[in-house]
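J.: Here it is, the structure in full.
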Amino acid sequence: MLKFDYHNHPQAHRTDLHYCENVLQPWADKAREVGITDFALTDHDRYKAGFSFDEVKKFQEANPDLNIRAGIELDNDPETSADGKKWVEKHYDELDFILGSVHFVKDFPFDHPHYIAEYDKYDINELYKEYYKLIQSTAESGLVDSLAHLDLIKIFKFFPTEDLSALYDETLDIINARNLSMEISTAGFRKPIGEQYPHFDLIKKAKEKGISFTIASDAHTAADLGKNYDKLEAILKEFDITEVAVYEKHKKIMASPYQ
Ligand SMILES: [Zn+2]
Ligand SMILES: [Zn+2]
């Protein structure tokens, strides 16, 4: 089994859930149960009001056998991300790990089933191109350590009709030039796409370029921590990925993910 999980949402998209023992402790309990020894709390920047460095510290001290990282998932929400960015800049040195994400193209949240009709208004190739340009600017922001779910835009199985491999190469080269990591996530197994993020072709390209990987479940409930990690383990084996990145105060440490 694999022992790292660097994308988790204790707040589960709820504005009323503030970090406290009741919200956090189930994650440590579940981590021990499934053999996760090192994991990051990465709630969305739009819920930062419920985040507390004091509560994270208490949580870490109560669970000294685990490496628990203070993190956040910073995205491009047109309403909240400017504030989120400011907050991240202010607290950068207190955070261990920052995930960079794109959840909006043409200002609609493309990964939300409620907005699926929006896709009909646009050329899918244009959406993909905008998406990867936004990923690129996220990578260039200087604020993120790893890029989350790099091909999230495939979530509802809308695929480009043009060959975008040059754009993928350009995106991975930016990630590589900045020594950032790329996430391999099992979240897609719980979604219509039914496979990991990102696609094997992107994992293969990234591996060839020497890009480091973080691994994650993107759990929104403690029960999903390390979910589908048997499938993730098979993917790491397939691509001969023997070390992945963990982070402490943004310092990348390469380590074997195996227990
Ligand atoms: Zn996300
Ligand atoms: Zn997430």
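Identifiers in the structure tokens: chain A, B, ... in order shown; residue index from 1 per chain; ligand index from 1 in order shown.
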I need the residues of segment 133-238 of chain A that end up classed as alpha helix (DSSP H) by DSSP on the backbone, written out as a PyMOL selection string.

T.: chain A and resi 133-139+165-177+200-209+229-238

J.: Taking only C-alpha atoms and all ligand atoms into account, which residues are within 10 Å of ligand 2, as a ChimeraX atom specification?

T.: /A:6-9,12-13,41-44,72-75,99-101,103,148-149,185,187,216-220

J.: Using only C-alpha atoms, which protein or nucleic acid residues come within 7 Å of Val105 of chain A? Drop anything in the same chain fewer than 6 positions from it, and give the result as an mmCIF file with N, CA and C atoms, in the first residue's frame.

T.:
data_model
loop_
_atom_site.group_PDB
_atom_site.id
_atom_site.type_symbol
_atom_site.label_atom_id
_atom_site.label_comp_id
_atom_site.auth_asym_id
_atom_site.auth_seq_id
_atom_site.Cartn_x
_atom_site.Cartn_y
_atom_site.Cartn_z
ATOM 1 N N LEU A 127 -12.193 25.291 -25.151
ATOM 2 C CA LEU A 127 -12.226 25.107 -23.688
ATOM 3 C C LEU A 127 -10.942 24.437 -23.199
ATOM 4 N N GLU A 130 -8.086 27.009 -23.384
ATOM 5 C CA GLU A 130 -8.153 27.982 -22.284
ATOM 6 C C GLU A 130 -7.744 27.305 -20.973
ATOM 7 N N TYR A 131 -8.244 26.091 -20.774
ATOM 8 C CA TYR A 131 -7.930 25.360 -19.545
ATOM 9 C C TYR A 131 -6.418 25.220 -19.356
#

J.: Please return, as a PyMOL selection string, all residues of segment 208-258 of chain A that DSSP assigns to strand (DSSP E or B) on the basis of the backbone.

T.: chain A and resi 212-216+219+244-248+251-255+258

J.: Would you mind exporting C-alpha atoms of the selected residues as an mmCIF file, in the first residue's frame?

T.:
data_model
loop_
_atom_site.group_PDB
_atom_site.id
_atom_site.type_symbol
_atom_site.label_atom_id
_atom_site.label_comp_id
_atom_site.auth_asym_id
_atom_site.auth_seq_id
_atom_site.Cartn_x
_atom_site.Cartn_y
_atom_site.Cartn_z
ATOM 1 C CA SER A 212 8.137 14.757 -9.862
ATOM 2 C CA PHE A 213 4.699 13.513 -8.814
ATOM 3 C CA THR A 214 2.542 13.972 -5.745
ATOM 4 C CA ILE A 215 -0.085 11.302 -5.113
ATOM 5 C CA ALA A 216 -3.578 11.901 -3.811
ATOM 6 C CA ALA A 219 -10.911 12.920 -0.472
ATOM 7 C CA VAL A 244 7.206 10.665 -5.223
ATOM 8 C CA ALA A 245 7.297 14.126 -3.658
ATOM 9 C CA VAL A 246 6.284 15.081 -0.140
ATOM 10 C CA TYR A 247 6.515 18.634 1.153
ATOM 11 C CA GLU A 248 7.545 20.362 4.342
ATOM 12 C CA LYS A 251 10.611 21.954 0.455
ATOM 13 C CA LYS A 252 10.262 19.035 -1.908
ATOM 14 C CA ILE A 253 11.453 15.729 -0.483
ATOM 15 C CA MET A 254 11.523 12.695 -2.769
ATOM 16 C CA ALA A 255 10.635 9.481 -0.968
ATOM 17 C CA TYR A 258 5.573 2.341 -0.152
#

J.: To one decimal place in Å, what is the distance between atom CA of Ala49 of chain A and atom CA of Ser141 of chain A?

T.: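 Computing it gives 22.6 Å between the two atoms.
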
J.: What's the 12 Å shell around Pro113 of chain A, counting only C-alpha atoms, without same-chain residues fewer than 3 positions away, as an MDAnalysis selection string?

T.: chainID A and resid 108:110 116:119 155:156 191:192

J.: Near segment 82-95 of chain A, within 6 Å and counting only C-alpha atoms, which residues show up once chain neighbours fewer than 2 positions away are dropped, as a PyMOL selection string?

T.: chain A and resi 45+70-71+80+97+249

J.: Filtering to N, CA and C atoms, could you give me those residues as a compact mmCIF listing (two decimals), in the first residue's frame?

T.:
# COMPACT_ATOMS: atom_id res chain seq x y z
N ASP A 45 -9.22 27.41 -1.23
CA ASP A 45 -8.94 28.76 -0.69
C ASP A 45 -10.24 29.52 -0.40
N ALA A 70 0.15 21.31 6.55
CA ALA A 70 -0.79 22.42 6.40
C ALA A 70 -0.75 22.87 4.95
N GLY A 71 -1.87 22.71 4.27
CA GLY A 71 -1.88 23.07 2.86
C GLY A 71 -3.19 23.71 2.43
N THR A 80 -13.48 34.45 -5.88
CA THR A 80 -12.74 34.32 -4.62
C THR A 80 -11.23 34.20 -4.76
N PHE A 97 2.37 23.24 1.93
CA PHE A 97 2.10 22.71 0.59
C PHE A 97 0.93 23.45 -0.04
N LYS A 249 7.09 22.73 4.49
CA LYS A 249 7.34 24.16 4.27
C LYS A 249 7.83 24.41 2.83

J.: Write out as a list of chain:residue names the residues lying within 6 Å of Phe39 of chain A, counting only C-alpha atoms and excluding same-chain residues fewer than 3 positions away.

T.: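 Listed by chain and then number, they are A:Phe4, A:Asp5, A:Tyr6, A:Ile68.
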
J.: Pick out the closest residue to ligand 1 from this set: A:Lys58, A:His112, A:Lys209, A:Arg32. Count only C-alpha atoms and all ligand atoms.

T.: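 Answer, going by the shortest atom-to-atom distance: A:His112.
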
J.: Would you list the contacts of Thr15 of chain A as a list in words, taking every protein, DNA or RNA residue within 9 Å and counting only C-alpha atoms, but skipping same-chain residues closer than 5 positions in sequence?

T.: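 These residues fall inside the cut-off: Arg46, Tyr47, Ala49 and Gly50 of chain A.
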
J.: Closest to ligand 1 among A:Ile175, A:Ile184, A:Leu236, A:Val102, using only C-alpha atoms and all ligand atoms?

T.: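 Closest residue, counting only C-alpha atoms and all ligand atoms: A:Val102.
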
J.: Under the rule that only C-alpha atoms and all ligand atoms are counted, which of A:Asp77, A:Asp201, A:Tyr122, A:Leu164 is the nearest residue to ligand 1?

T.: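 Under the stated criterion, the closest residue is A:Asp77.
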
J.: Would you please work out which residue, of A:Phe53, A:Phe239, A:Phe104, A:Phe159, is nearest to ligand 1 when using only C-alpha atoms and all ligand atoms?

T.: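 Nearest to ligand 1: A:Phe104.
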
J.: With only C-alpha atoms and all ligand atoms as the basis for distance, which of A:Ala166, A:Ala139, A:Ala40, A:Leu147 is at the shortest distance from ligand 1?

T.: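 Residue with the minimum atom-to-atom distance to ligand 1: A:Leu147.
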
J.: Would you please work out which residue, of A:Tyr197, A:Trp27, A:Tyr132, A:Tyr229, is nearest to ligand 1 when using only C-alpha atoms and all ligand atoms?

T.: A:Tyr197
